[in-house]
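Shown below: my_file_29.cif, with mmCIF, C-alpha atoms.
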```
data_start
#
loop_
_atom_site.label_atom_id
_atom_site.label_comp_id
_atom_site.auth_asym_id
_atom_site.auth_seq_id
_atom_site.Cartn_x
_atom_site.Cartn_y
_atom_site.Cartn_z
CA MET N 10 151.37 111.67 114.05
CA PHE N 11 153.27 111.74 110.76
CA GLU N 12 154.72 115.23 110.41
CA LYS N 13 154.89 115.34 106.63
CA SER N 14 152.30 115.58 103.87
CA VAL N 15 152.17 112.47 101.69
CA SER N 16 153.85 113.41 98.41
CA HIS N 17 154.83 109.96 97.13
CA LEU N 18 153.28 106.51 97.01
CA GLY N 19 155.25 103.31 96.71
CA PHE N 20 155.30 99.55 97.14
CA LEU N 21 157.82 96.85 97.96
CA GLN N 22 157.11 93.61 96.09
CA PHE N 23 159.15 90.58 97.11
CA ASP N 24 159.24 86.84 97.65
CA ILE N 25 158.35 86.25 101.31
CA GLN N 26 160.60 83.78 103.12
CA ALA N 27 158.18 81.50 104.97
CA GLY N 28 158.48 81.76 108.74
CA ASP N 29 161.73 83.77 108.60
CA ILE N 30 161.03 87.17 110.17
CA SER N 31 164.67 88.29 110.31
CA SER N 32 165.30 87.54 106.61
CA ASN N 33 162.13 89.33 105.52
CA LEU N 34 162.94 92.35 107.67
CA ALA N 35 166.45 92.45 106.23
CA LEU N 36 164.92 92.40 102.75
CA VAL N 37 162.65 95.35 103.58
CA LYS N 38 165.64 97.30 104.89
CA LYS N 39 167.62 96.49 101.74
CA CYS N 40 164.78 97.60 99.46
CA LEU N 41 164.37 100.88 101.33
CA LYS N 42 168.09 101.57 101.20
CA GLU N 43 168.22 100.94 97.46
CA GLN N 44 164.99 102.80 96.70
CA ALA N 45 165.79 105.75 99.00
CA PRO N 46 162.16 106.93 99.15
CA PRO N 47 161.73 110.68 99.68
CA PRO N 48 160.45 111.76 103.09
CA GLY N 49 156.68 111.97 102.90
CA SER N 50 156.30 108.62 101.13
CA LEU N 51 153.60 106.09 101.98
CA ILE N 52 154.88 102.62 101.12
CA ALA N 53 152.85 99.40 101.02
CA LEU N 54 154.24 95.95 101.88
CA PRO N 55 152.71 92.56 101.01
CA GLU N 56 150.27 90.62 103.17
CA MET N 57 151.90 88.66 106.01
CA TRP N 58 155.18 90.08 104.74
CA ALA N 59 157.28 88.97 107.73
CA THR N 60 156.01 85.41 108.15
CA GLY N 61 153.98 84.19 105.20
CA PHE N 62 151.02 81.89 105.75
CA VAL N 63 152.81 79.28 107.82
CA TYR N 64 149.64 78.52 109.77
CA GLU N 65 151.07 76.01 112.24
CA GLN N 66 153.79 78.49 113.26
CA LEU N 67 151.71 81.65 113.50
CA ASN N 68 150.84 81.41 117.21
CA ARG N 69 154.55 81.19 118.00
CA LEU N 70 155.61 83.81 115.45
CA SER N 71 152.95 86.27 116.59
CA ALA N 72 154.88 86.65 119.86
CA GLU N 73 157.69 88.21 117.80
CA ILE N 74 155.44 90.80 116.16
CA PRO N 75 155.41 93.46 118.95
CA PRO N 76 159.24 93.85 118.95
CA LEU N 77 159.17 93.75 115.14
CA LEU N 78 156.72 96.65 115.12
CA VAL N 79 159.03 98.66 117.36
CA GLU N 80 161.82 98.10 114.85
CA MET N 81 159.52 98.98 111.96
CA GLU N 82 158.54 102.21 113.71
CA GLU N 83 162.20 103.19 114.02
CA LEU N 84 162.89 102.18 110.42
CA ALA N 85 160.00 104.22 109.04
CA ARG N 86 160.89 107.28 111.08
CA SER N 87 164.55 107.07 110.05
CA HIS N 88 163.45 107.36 106.40
CA GLY N 89 160.68 109.88 107.10
CA VAL N 90 158.07 107.56 105.59
CA VAL N 91 155.05 105.49 106.58
CA LEU N 92 155.29 101.73 106.02
CA ALA N 93 152.14 99.59 105.92
CA GLY N 94 151.81 95.82 105.57
CA SER N 95 149.88 93.04 107.25
CA LEU N 96 151.15 90.79 110.05
CA PRO N 97 149.72 88.08 112.33
CA MET N 98 148.78 89.48 115.75
CA LYS N 99 147.23 87.88 118.82
CA GLU N 100 144.50 89.45 120.96
CA GLY N 101 144.09 87.14 123.91
CA ASP N 102 143.57 83.72 122.40
CA SER N 103 142.44 85.09 119.03
CA LEU N 104 144.68 85.55 116.00
CA TYR N 105 144.08 88.38 113.52
CA ASN N 106 145.59 89.40 110.20
CA LYS N 107 146.26 93.11 110.78
CA LEU N 108 147.45 95.83 108.45
CA PHE N 109 149.88 97.87 110.58
CA PHE N 110 150.97 101.45 109.80
CA SER N 111 154.49 102.20 111.06
CA GLY N 112 156.01 105.67 111.38
CA LEU N 113 153.12 107.38 113.16
CA GLY N 114 154.67 107.48 116.62
CA SER N 115 153.18 104.39 118.29
CA PRO N 116 154.21 100.92 117.04
CA GLU N 117 150.98 99.00 117.74
CA ALA N 118 148.37 101.76 117.69
CA HIS N 119 147.48 102.10 114.02
CA TRP N 120 146.02 99.05 112.29
CA ILE N 121 143.12 97.63 110.32
CA ALA N 122 142.17 93.94 110.61
CA LYS N 123 141.23 91.80 107.63
CA GLN N 124 137.46 91.58 107.38
CA HIS N 125 136.97 88.81 104.82
CA LEU N 126 138.85 85.58 105.39
CA PHE N 127 139.58 83.40 102.36
CA SER N 128 138.15 80.01 103.29
CA PHE N 129 139.59 78.48 100.10
CA TRP N 130 143.02 78.93 101.76
CA GLN N 131 141.65 77.91 105.20
CA GLU N 132 142.18 81.40 106.62
CA ASP N 133 138.90 81.16 108.53
CA GLN N 134 140.25 78.13 110.40
CA TRP N 135 143.18 80.12 111.82
CA PHE N 136 142.18 83.79 111.96
CA CYS N 137 139.31 85.79 113.43
CA THR N 138 137.38 88.31 111.36
CA GLY N 139 138.11 91.98 112.02
CA ASP N 140 135.52 94.67 112.71
CA ARG N 141 134.61 97.27 110.13
CA PRO N 142 137.55 99.67 110.45
CA SER N 143 138.02 103.39 110.61
CA PRO N 144 140.57 104.94 108.25
CA ILE N 145 144.05 105.88 109.46
CA ASP N 146 144.73 109.60 109.87
CA LEU N 147 148.42 110.10 109.11
CA ASN N 148 148.80 113.80 109.80
CA GLY N 149 145.44 115.59 109.93
CA GLU N 150 145.55 115.98 106.15
CA ASP N 151 146.19 112.57 104.60
CA ILE N 152 143.69 109.89 105.60
CA VAL N 153 144.22 106.33 104.39
CA ALA N 154 141.70 103.52 103.91
CA GLY N 155 143.16 100.04 104.30
CA PHE N 156 142.22 96.54 103.27
CA ILE N 157 143.90 93.17 102.91
CA CYS N 158 143.90 90.80 99.90
CA TYR N 159 140.49 89.04 99.73
CA ASP N 160 138.86 92.23 101.07
CA LEU N 161 139.42 93.59 97.55
CA ARG N 162 136.39 91.66 96.29
CA PHE N 163 134.09 93.47 98.74
CA PRO N 164 133.66 97.20 97.90
CA ASP N 165 132.04 97.97 101.25
CA THR N 166 135.34 97.22 102.99
CA VAL N 167 136.83 100.55 101.93
CA ARG N 168 133.79 102.55 100.87
CA PRO N 169 132.83 103.60 104.44
CA GLN N 170 136.46 104.57 105.09
CA CYS N 171 136.46 106.82 102.05
CA CYS N 172 133.18 108.36 103.17
CA GLN N 173 135.01 109.21 106.40
CA GLY N 174 137.58 111.22 104.49
CA ALA N 175 140.15 108.77 103.13
CA THR N 176 141.77 109.98 99.90
CA ILE N 177 144.27 107.13 99.60
CA ILE N 178 143.50 103.40 99.62
CA LEU N 179 146.26 100.97 100.61
CA MET N 180 146.19 97.26 99.82
CA SER N 181 148.44 94.54 101.28
CA ALA N 182 148.12 91.18 99.54
CA GLU N 183 149.27 87.71 98.56
CA TRP N 184 147.20 87.44 95.38
CA PRO N 185 147.73 84.49 93.02
CA LEU N 186 148.92 84.90 89.44
CA ALA N 187 145.99 82.81 88.19
CA ARG N 188 143.58 85.63 89.11
CA ILE N 189 145.84 88.61 88.43
CA GLU N 190 143.43 90.15 85.90
CA HIS N 191 140.79 90.30 88.64
CA TRP N 192 143.39 92.02 90.85
CA LYS N 193 144.03 94.77 88.32
CA VAL N 194 140.38 95.33 87.40
CA LEU N 195 139.20 95.45 91.01
CA LEU N 196 141.96 97.80 92.16
CA ARG N 197 141.11 100.19 89.35
CA ALA N 198 137.43 99.91 90.25
CA ARG N 199 138.12 100.79 93.88
CA ALA N 200 140.08 103.85 92.72
CA ILE N 201 137.38 105.00 90.29
CA GLU N 202 134.34 104.48 92.52
CA ASN N 203 136.02 106.20 95.50
CA GLN N 204 137.93 108.83 93.47
CA ALA N 205 140.99 107.87 95.50
CA PHE N 206 144.61 107.00 94.90
CA VAL N 207 145.29 103.29 95.32
CA VAL N 208 148.64 101.79 96.24
CA ALA N 209 148.72 98.00 96.34
CA SER N 210 151.60 95.69 97.24
CA ASN N 211 151.42 92.04 96.24
CA ALA N 212 153.86 89.25 97.02
CA CYS N 213 155.71 87.36 94.30
CA GLY N 214 157.33 83.93 94.18
CA ARG N 215 155.58 80.78 95.38
CA TRP N 216 153.56 79.75 98.42
CA ASP N 217 152.70 76.13 99.05
CA GLY N 218 153.14 75.35 95.36
CA LEU N 219 151.00 78.33 94.26
CA LYS N 220 152.46 81.04 92.04
CA LEU N 221 151.84 84.48 93.51
CA GLY N 222 151.03 87.24 91.10
CA GLY N 223 153.15 90.30 91.76
CA HIS N 224 151.88 93.16 89.57
CA SER N 225 151.77 95.60 92.47
CA LEU N 226 150.03 98.79 91.39
CA ILE N 227 149.69 102.51 91.95
CA VAL N 228 146.43 103.83 90.49
CA ALA N 229 145.18 107.40 90.10
CA PRO N 230 141.69 108.46 91.25
CA ASP N 231 140.42 108.31 87.65
CA GLY N 232 141.61 104.71 87.23
CA GLU N 233 144.84 105.45 85.33
CA ILE N 234 147.60 103.00 86.24
CA LEU N 235 150.57 105.11 87.29
CA ALA N 236 152.91 102.20 88.02
CA GLU N 237 152.74 98.43 87.65
CA ALA N 238 155.32 95.85 88.67
CA GLY N 239 155.97 92.60 86.85
CA GLU N 240 156.00 89.12 88.36
CA ALA N 241 159.47 89.37 89.96
CA ALA N 242 160.67 91.32 92.99
CA GLU N 243 160.40 95.05 92.41
CA SER N 244 160.15 98.33 94.32
CA VAL N 245 158.56 101.55 93.08
CA VAL N 246 158.09 105.01 94.60
CA LEU N 247 156.62 107.87 92.61
CA PRO N 248 155.18 111.35 93.23
CA ILE N 249 151.43 111.94 93.17
CA ASN N 250 149.51 115.03 92.11
CA LYS N 251 146.77 115.66 94.65
CA GLU N 252 145.37 118.50 92.55
CA VAL N 253 144.16 115.92 90.02
CA GLN N 254 142.07 114.29 92.73
CA LYS N 255 140.77 117.62 93.97
CA GLU N 256 139.70 118.70 90.47
CA LEU N 257 138.03 115.33 89.84
CA ARG N 258 135.96 115.51 93.02
CA GLN N 259 135.03 119.14 92.28
CA ARG N 260 133.59 118.17 88.88
CA PHE N 261 131.48 115.37 90.31
CA ASN N 262 131.74 113.68 93.67
CA SER N 263 130.86 110.01 93.90
CA VAL N 264 132.19 109.62 97.46
CA ALA N 265 130.11 112.07 99.49
CA PRO N 266 126.53 110.96 98.63
CA SER N 267 125.32 108.39 101.16
CA PRO N 268 121.51 108.32 100.95
CA TRP N 269 119.59 106.03 103.27
CA ALA N 270 118.00 103.82 100.64
CA THR N 271 116.74 101.06 102.92
CA ASP N 272 113.23 100.78 104.32
CA ASP N 273 113.86 98.78 107.51
CA ALA N 274 110.16 97.95 107.77
CA LYS N 275 110.70 95.53 104.87
CA LYS N 276 112.72 93.35 107.23
CA LEU N 277 109.41 92.33 108.86
CA MET N 278 108.57 89.18 106.95
CA SER N 279 105.94 86.49 106.89
CA ILE N 280 107.15 82.95 107.39
CA ASP N 281 106.40 82.04 103.75
CA ASP N 282 108.32 85.01 102.34
CA LEU N 283 111.17 84.39 104.77
CA VAL N 284 111.52 80.74 103.76
CA ASP N 285 111.67 81.74 100.10
CA ASP N 286 114.31 84.37 100.86
CA VAL N 287 116.39 81.98 102.96
CA VAL N 288 116.31 79.31 100.24
CA SER N 289 117.60 81.83 97.71
CA ARG N 290 120.32 83.04 100.03
CA LYS N 291 121.48 79.51 100.80
CA LYS N 292 121.85 78.87 97.08
CA THR N 293 124.36 81.72 96.94
CA GLY N 294 126.31 80.16 99.82
CA GLN N 295 125.14 82.44 102.63
CA LYS N 296 125.10 81.08 106.18
CA ILE N 297 121.76 81.70 107.91
CA VAL N 298 121.79 82.52 111.64
CA PHE N 299 118.68 82.24 113.81
CA THR N 300 117.89 83.45 117.30
CA ASN N 301 114.67 84.25 119.08
CA GLY N 302 113.20 86.09 122.05
CA CYS N 303 110.61 88.52 123.37
CA PHE N 304 112.70 91.72 123.27
CA ASP N 305 109.96 93.60 125.10
CA ILE N 306 111.98 96.62 126.22
CA LEU N 307 115.12 96.74 124.11
CA HIS N 308 118.36 97.45 126.00
CA ALA N 309 122.12 97.42 125.45
CA GLY N 310 122.46 93.77 126.41
CA HIS N 311 120.04 92.80 123.64
CA VAL N 312 121.92 94.83 121.04
CA ASP N 313 125.30 93.36 122.02
CA TYR N 314 123.84 89.86 121.88
CA LEU N 315 122.31 90.39 118.43
CA GLN N 316 125.50 91.88 117.05
CA LYS N 317 127.50 88.87 118.25
CA ALA N 318 124.90 86.53 116.80
CA ARG N 319 125.13 88.21 113.39
CA ARG N 320 128.88 87.64 113.29
CA HIS N 321 128.33 83.89 113.14
CA GLY N 322 126.98 84.06 109.60
CA ASP N 323 125.74 86.20 106.74
CA PHE N 324 122.02 86.71 107.45
CA LEU N 325 120.45 86.99 110.90
CA VAL N 326 116.83 85.94 111.31
CA LEU N 327 115.18 87.01 114.56
CA GLY N 328 112.15 85.00 115.65
CA LEU N 329 110.00 87.32 117.77
CA ASN N 330 107.35 86.07 120.20
CA ASP N 331 103.98 87.61 119.39
CA ASP N 332 101.90 89.26 122.11
CA GLN N 333 99.79 86.21 122.89
CA SER N 334 102.79 83.91 123.37
CA ILE N 335 104.47 86.46 125.66
CA ARG N 336 101.35 86.67 127.82
CA SER N 337 101.34 82.89 128.16
CA ILE N 338 105.01 82.97 129.22
CA LYS N 339 105.24 86.12 131.34
CA GLY N 340 101.68 86.90 132.46
CA PRO N 341 98.82 89.22 131.51
CA GLU N 342 100.76 92.49 132.08
CA ARG N 343 103.26 91.73 129.37
CA PRO N 344 104.36 92.71 126.83
CA VAL N 345 104.82 96.40 127.55
CA ASN N 346 105.30 97.10 123.84
CA ASN N 347 103.06 95.35 121.33
CA GLU N 348 104.43 93.00 118.68
CA GLN N 349 104.38 95.51 115.81
CA GLN N 350 106.25 98.12 117.85
CA ARG N 351 108.82 95.58 119.00
CA ALA N 352 109.30 94.24 115.49
CA ARG N 353 109.73 97.70 113.98
CA VAL N 354 112.38 98.74 116.51
CA LEU N 355 114.32 95.48 116.05
CA ALA N 356 114.18 95.84 112.27
CA ALA N 357 115.97 99.17 112.57
CA ILE N 358 119.04 97.50 114.13
CA GLY N 359 121.65 97.11 111.43
CA CYS N 360 122.82 93.64 112.41
CA VAL N 361 119.29 92.21 112.16
CA ASP N 362 118.43 91.12 108.62
CA ALA N 363 114.90 89.75 109.07
CA VAL N 364 112.24 89.71 111.80
CA VAL N 365 109.46 87.11 111.86
CA LEU N 366 106.69 86.79 114.44
CA PHE N 367 105.69 83.42 115.86
CA GLY N 368 102.89 82.44 118.23
CA ASP N 369 103.80 78.90 119.26
CA ASP N 370 105.12 78.12 122.71
CA THR N 371 108.53 77.45 121.16
CA PRO N 372 110.18 78.46 117.84
CA LEU N 373 110.69 74.83 116.79
CA ASN N 374 108.35 75.00 113.78
CA LEU N 375 110.03 78.21 112.69
CA ILE N 376 113.49 76.69 113.04
CA THR N 377 112.62 73.55 111.11
CA SER N 378 111.07 75.67 108.35
CA ILE N 379 114.09 77.96 108.00
CA ARG N 380 116.74 75.28 108.65
CA PRO N 381 119.41 77.75 109.82
CA ASP N 382 123.11 76.97 109.60
CA VAL N 383 123.69 78.46 113.06
CA LEU N 384 121.30 78.50 116.00
CA VAL N 385 122.15 81.11 118.64
CA LYS N 386 120.92 81.26 122.22
CA GLY N 387 122.06 82.82 125.48
CA ALA N 388 124.88 81.12 127.37
CA ASP N 389 122.57 80.68 130.36
CA TRP N 390 120.91 77.89 128.36
CA GLU N 391 122.51 74.47 128.26
CA GLU N 392 122.65 73.13 124.73
CA SER N 393 120.48 70.18 125.73
CA GLU N 394 117.76 72.65 126.74
CA ILE N 395 117.85 74.76 123.57
CA VAL N 396 114.81 74.21 121.37
CA GLY N 397 115.84 73.22 117.86
CA ALA N 398 119.46 72.40 118.74
CA LYS N 399 119.09 68.73 117.95
CA GLU N 400 117.36 69.43 114.64
CA VAL N 401 119.88 72.04 113.51
CA LYS N 402 122.87 69.81 114.29
CA ALA N 403 121.24 66.84 112.59
CA ASP N 404 120.91 69.03 109.51
CA GLY N 405 124.65 69.80 109.53
CA GLY N 406 124.41 73.12 111.40
CA ARG N 407 125.83 74.18 114.74
CA VAL N 408 124.71 75.80 118.00
CA GLU N 409 126.36 78.87 119.51
CA ARG N 410 125.75 80.07 123.08
CA ILE N 411 126.43 83.77 123.71
CA ALA N 412 126.86 85.36 127.12
CA PHE N 413 125.10 88.64 127.88
CA VAL N 414 127.65 91.32 128.80
CA SER N 415 125.05 93.52 130.47
CA ASP N 416 123.27 92.64 133.70
CA THR N 417 120.31 94.74 132.55
CA SER N 418 117.05 92.83 132.20
CA THR N 419 113.65 93.82 130.85
CA THR N 420 111.97 92.69 134.07
CA GLY N 421 114.44 94.72 136.12
CA MET N 422 113.79 97.80 134.02
CA ILE N 423 110.02 97.40 134.42
CA ASN N 424 110.34 97.01 138.19
CA LYS N 425 112.54 100.10 138.35
CA ILE N 426 110.01 102.12 136.38
CA LYS N 427 107.21 100.95 138.65
CA SER N 428 109.14 101.83 141.80
CA THR N 429 109.93 105.29 140.39
CA ASP N 430 106.31 105.91 139.49
CA SER N 431 105.16 104.94 142.96
#
```

Using structure tokens, write down the structure that the file contains.
Amino acid sequence: MFEKSVSHLGFLQFDIQAGDISSNLALVKKCLKEQAPPPGSLIALPEMWATGFVYEQLNRLSAEIPPLLVEMEELARSHGVVLAGSLPMKEGDSLYNKLFFSGLGSPEAHWIAKQHLFSFWQEDQWFCTGDRPSPIDLNGEDIVAGFICYDLRFPDTVRPQCCQGATIILMSAEWPLARIEHWKVLLRARAIENQAFVVASNACGRWDGLKLGGHSLIVAPDGEILAEAGEAAESVVLPINKEVQKELRQRFNSVAPSPWATDDAKKLMSIDDLVDDVVSRKKTGQKIVFTNGCFDILHAGHVDYLQKARRHGDFLVLGLNDDQSIRSIKGPERPVNNEQQRARVLAAIGCVDAVVLFGDDTPLNLITSIRPDVLVKGADWEESEIVGAKEVKADGGRVERIAFVSDTSTTGMINKIKSTDS
């Protein structure tokens, strides 16, 4: 835990040396020595500050990140500050872009993974998407929301973190000069809508022929720009007045209100309405995911499966067997819960975007009507046995098979209930 209250915010803006961890670390040390930030400073570093986006080298370079984080922890503590910037990090075979906070007492413990990967730069071909994060508690008083570069375009990346108490938002980025006006407008918007301080570090120089934008910023909770860098290397640390934020939130608070404005029952859709909705969503570029099942007695295995299915796209459609089709599959005693009850419960699960009933023996007609981009089924099914797989792939989509992590089954639960009752 950081022992000091955050009194200053700062950023280090520099030209990242591609693939050269030692040179970039030396540059950070030099900047800190010259800047001499006061103890209690929170300082942002650019995205991928130690390596740059040298994709082909990242698997190798990621092995050097754990010892680098140990050194960063020592460096931050020696200055009495917290340093935060993103780095490539492996989890098993998966590579993530993680915003690490150094100076809190544990080198690898405090991080937030990038949630929105910029496909225009092929990030989605190299990195995995992070989960929705929790904010970082520095000291029991100062709580920081974090996001990385492209996340800036998605307000919901930091909004939940601010609702959990974050009063400072920290951004680590490699944002291009061509879109630098977007950068400034969006950072100010995030400050205003969350009534939070924003400190944002951007890289400068060039990457793969692209001019990076610089213009790192520190923004007050009312949107006032407190500090702005130019396009060249620059470091800034300045004091902040937390009373300004406190007074602003006392006058009117736009962070606390979180009404439940969604009627989940509206997720229950007819096939005609669903097709219209899917067509509209595809026009915006959304990827439609489809899976199906009976979901008679919902259990943890179902929920885990649906959550993993949703992560394969932007809109999850769940085809639900109606009562008659379940009886034809499982016998006259099933389902235990009727179709409307099952549909209503499934609609209340956050990762499910639409529920549609079908009465055919298979969901093939439903699949060919929706034309999903991703067809999901349990890993116990071979792809050759999955209804609709051939049609989805012929249409340019793909098939994903997901293993159930729970050995719980609806039939097993029913049998257990019967044996208990007897």

List, as a PyMOL selection string, every residue that the PyMOL selection byres ((chain N and resi 178-184) around 8) selects in the file provided. chain N and resi 53-57+93-95+108+153-159+167+175-177+185-186+188-189+192+200+205-213+221-223

Generate a file of the selected residues that holds C-alpha atoms, formatted as a PDB file, in the frame of the given file.
```
ATOM      1  CA  ALA N  53     152.850  99.400 101.020  1.00  0.00           C
ATOM      2  CA  LEU N  54     154.240  95.950 101.880  1.00  0.00           C
ATOM      3  CA  PRO N  55     152.710  92.560 101.010  1.00  0.00           C
ATOM      4  CA  GLU N  56     150.270  90.620 103.170  1.00  0.00           C
ATOM      5  CA  MET N  57     151.900  88.660 106.010  1.00  0.00           C
ATOM      6  CA  ALA N  93     152.140  99.590 105.920  1.00  0.00           C
ATOM      7  CA  GLY N  94     151.810  95.820 105.570  1.00  0.00           C
ATOM      8  CA  SER N  95     149.880  93.040 107.250  1.00  0.00           C
ATOM      9  CA  LEU N 108     147.450  95.830 108.450  1.00  0.00           C
ATOM     10  CA  VAL N 153     144.220 106.330 104.390  1.00  0.00           C
ATOM     11  CA  ALA N 154     141.700 103.520 103.910  1.00  0.00           C
ATOM     12  CA  GLY N 155     143.160 100.040 104.300  1.00  0.00           C
ATOM     13  CA  PHE N 156     142.220  96.540 103.270  1.00  0.00           C
ATOM     14  CA  ILE N 157     143.900  93.170 102.910  1.00  0.00           C
ATOM     15  CA  CYS N 158     143.900  90.800  99.900  1.00  0.00           C
ATOM     16  CA  TYR N 159     140.490  89.040  99.730  1.00  0.00           C
ATOM     17  CA  VAL N 167     136.830 100.550 101.930  1.00  0.00           C
ATOM     18  CA  ALA N 175     140.150 108.770 103.130  1.00  0.00           C
ATOM     19  CA  THR N 176     141.770 109.980  99.900  1.00  0.00           C
ATOM     20  CA  ILE N 177     144.270 107.130  99.600  1.00  0.00           C
ATOM     21  CA  PRO N 185     147.730  84.490  93.020  1.00  0.00           C
ATOM     22  CA  LEU N 186     148.920  84.900  89.440  1.00  0.00           C
ATOM     23  CA  ARG N 188     143.580  85.630  89.110  1.00  0.00           C
ATOM     24  CA  ILE N 189     145.840  88.610  88.430  1.00  0.00           C
ATOM     25  CA  TRP N 192     143.390  92.020  90.850  1.00  0.00           C
ATOM     26  CA  ALA N 200     140.080 103.850  92.720  1.00  0.00           C
ATOM     27  CA  ALA N 205     140.990 107.870  95.500  1.00  0.00           C
ATOM     28  CA  PHE N 206     144.610 107.000  94.900  1.00  0.00           C
ATOM     29  CA  VAL N 207     145.290 103.290  95.320  1.00  0.00           C
ATOM     30  CA  VAL N 208     148.640 101.790  96.240  1.00  0.00           C
ATOM     31  CA  ALA N 209     148.720  98.000  96.340  1.00  0.00           C
ATOM     32  CA  SER N 210     151.600  95.690  97.240  1.00  0.00           C
ATOM     33  CA  ASN N 211     151.420  92.040  96.240  1.00  0.00           C
ATOM     34  CA  ALA N 212     153.860  89.250  97.020  1.00  0.00           C
ATOM     35  CA  CYS N 213     155.710  87.360  94.300  1.00  0.00           C
ATOM     36  CA  LEU N 221     151.840  84.480  93.510  1.00  0.00           C
ATOM     37  CA  GLY N 222     151.030  87.240  91.100  1.00  0.00           C
ATOM     38  CA  GLY N 223     153.150  90.300  91.760  1.00  0.00           C
TER      39      GLY N 223
END
```

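Residues matched by the PyMOL selection byres ((chain N and resi 241-250) around 6) in this structure: Ser16, His17, Leu18, Gly19, Phe20, Leu21, Gln22, Phe23, Gly239, Glu240, Lys251, Glu252 and Val253 of chain N.
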
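Selection result for the displayed file, with the PyMOL selection byres ((chain N and resi 273) around 10) as criterion, is Ala270, Thr271, Asp272, Ala274, Lys275, Lys276, Leu277, Arg353, Val354, Leu355, Ala356, Ala357, Ile358, Gly359, Val361, Asp362 and Ala363 of chain N.
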
Nearest to Gly405 (chain N) among N:Lys296, N:Val365, N:Asn330, N:Gly49, with distances taken over only C-alpha atoms: which residue is it? N:Lys296

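Here the question is which of N:Glu392, N:Glu12, N:Glu237, N:Asp323 gets nearest to Leu147 (chain N) using only C-alpha atoms, and that residue is N:Glu12.
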
How far is it from CA of Asp369 (chain N) to CA of Arg343 (chain N), in Å with one decimal?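 Atom-to-atom, CA of Asp369 (chain N) to CA of Arg343 (chain N), that is 16.3 Å.
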
Within 12 Å of (128.9, 93.4, 129.0) (file coordinates; all atoms listed in the file), which protein or nucleic acid residues are there? I'd like them as a PyMOL selection string. chain N and resi 308-314+317+411-417

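Between Asp370 (chain N) and the residues N:Asn347, N:Ile306, N:Ser334, N:Ser393, the shortest atom-to-atom distance, using only C-alpha atoms, involves N:Ser334.
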
Name the closest residue to Ala318 (chain N) among the candidates N:Lys99, N:Arg260, N:Lys399, N:Arg410; distances are taken between atoms, counting only C-alpha atoms.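 Under the stated criterion, the closest residue is N:Arg410.
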
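Distance-wise, CA of Leu219 (chain N) and CA of Gly61 (chain N) end up 12.8 Å apart.
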
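Taking CA of Leu34 (chain N) and CA of Leu51 (chain N) as the two end points, the separation is 17.6 Å.
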
Out of N:His224, N:Lys255, N:Lys107, N:Arg69, which residue has the shortest atom-to-atom distance to Lys123 (chain N) when counting only C-alpha atoms?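 For Lys123 (chain N), the nearest of the given residues is N:Lys107.
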
Using only C-alpha atoms, list the residues that have an atom at most 6 Å from (117.9, 83.2, 109.3), coordinates as in the file, as a PyMOL selection string. chain N and resi 297-299+324-326+381

When distances are computed from all atoms listed in the file, which of N:Lys402, N:Arg141, N:His125, N:Lys13 shows the smallest separation from Asp160 (chain N)? N:His125

I'd like the neighbourhood of Cys172 (chain N) as a PyMOL selection string, where a residue qualifies if any of its atoms comes within 10 Å (using all atoms listed in the file), though same-chain residues fewer than 6 positions away should be ignored. chain N and resi 144+154+203+263-267
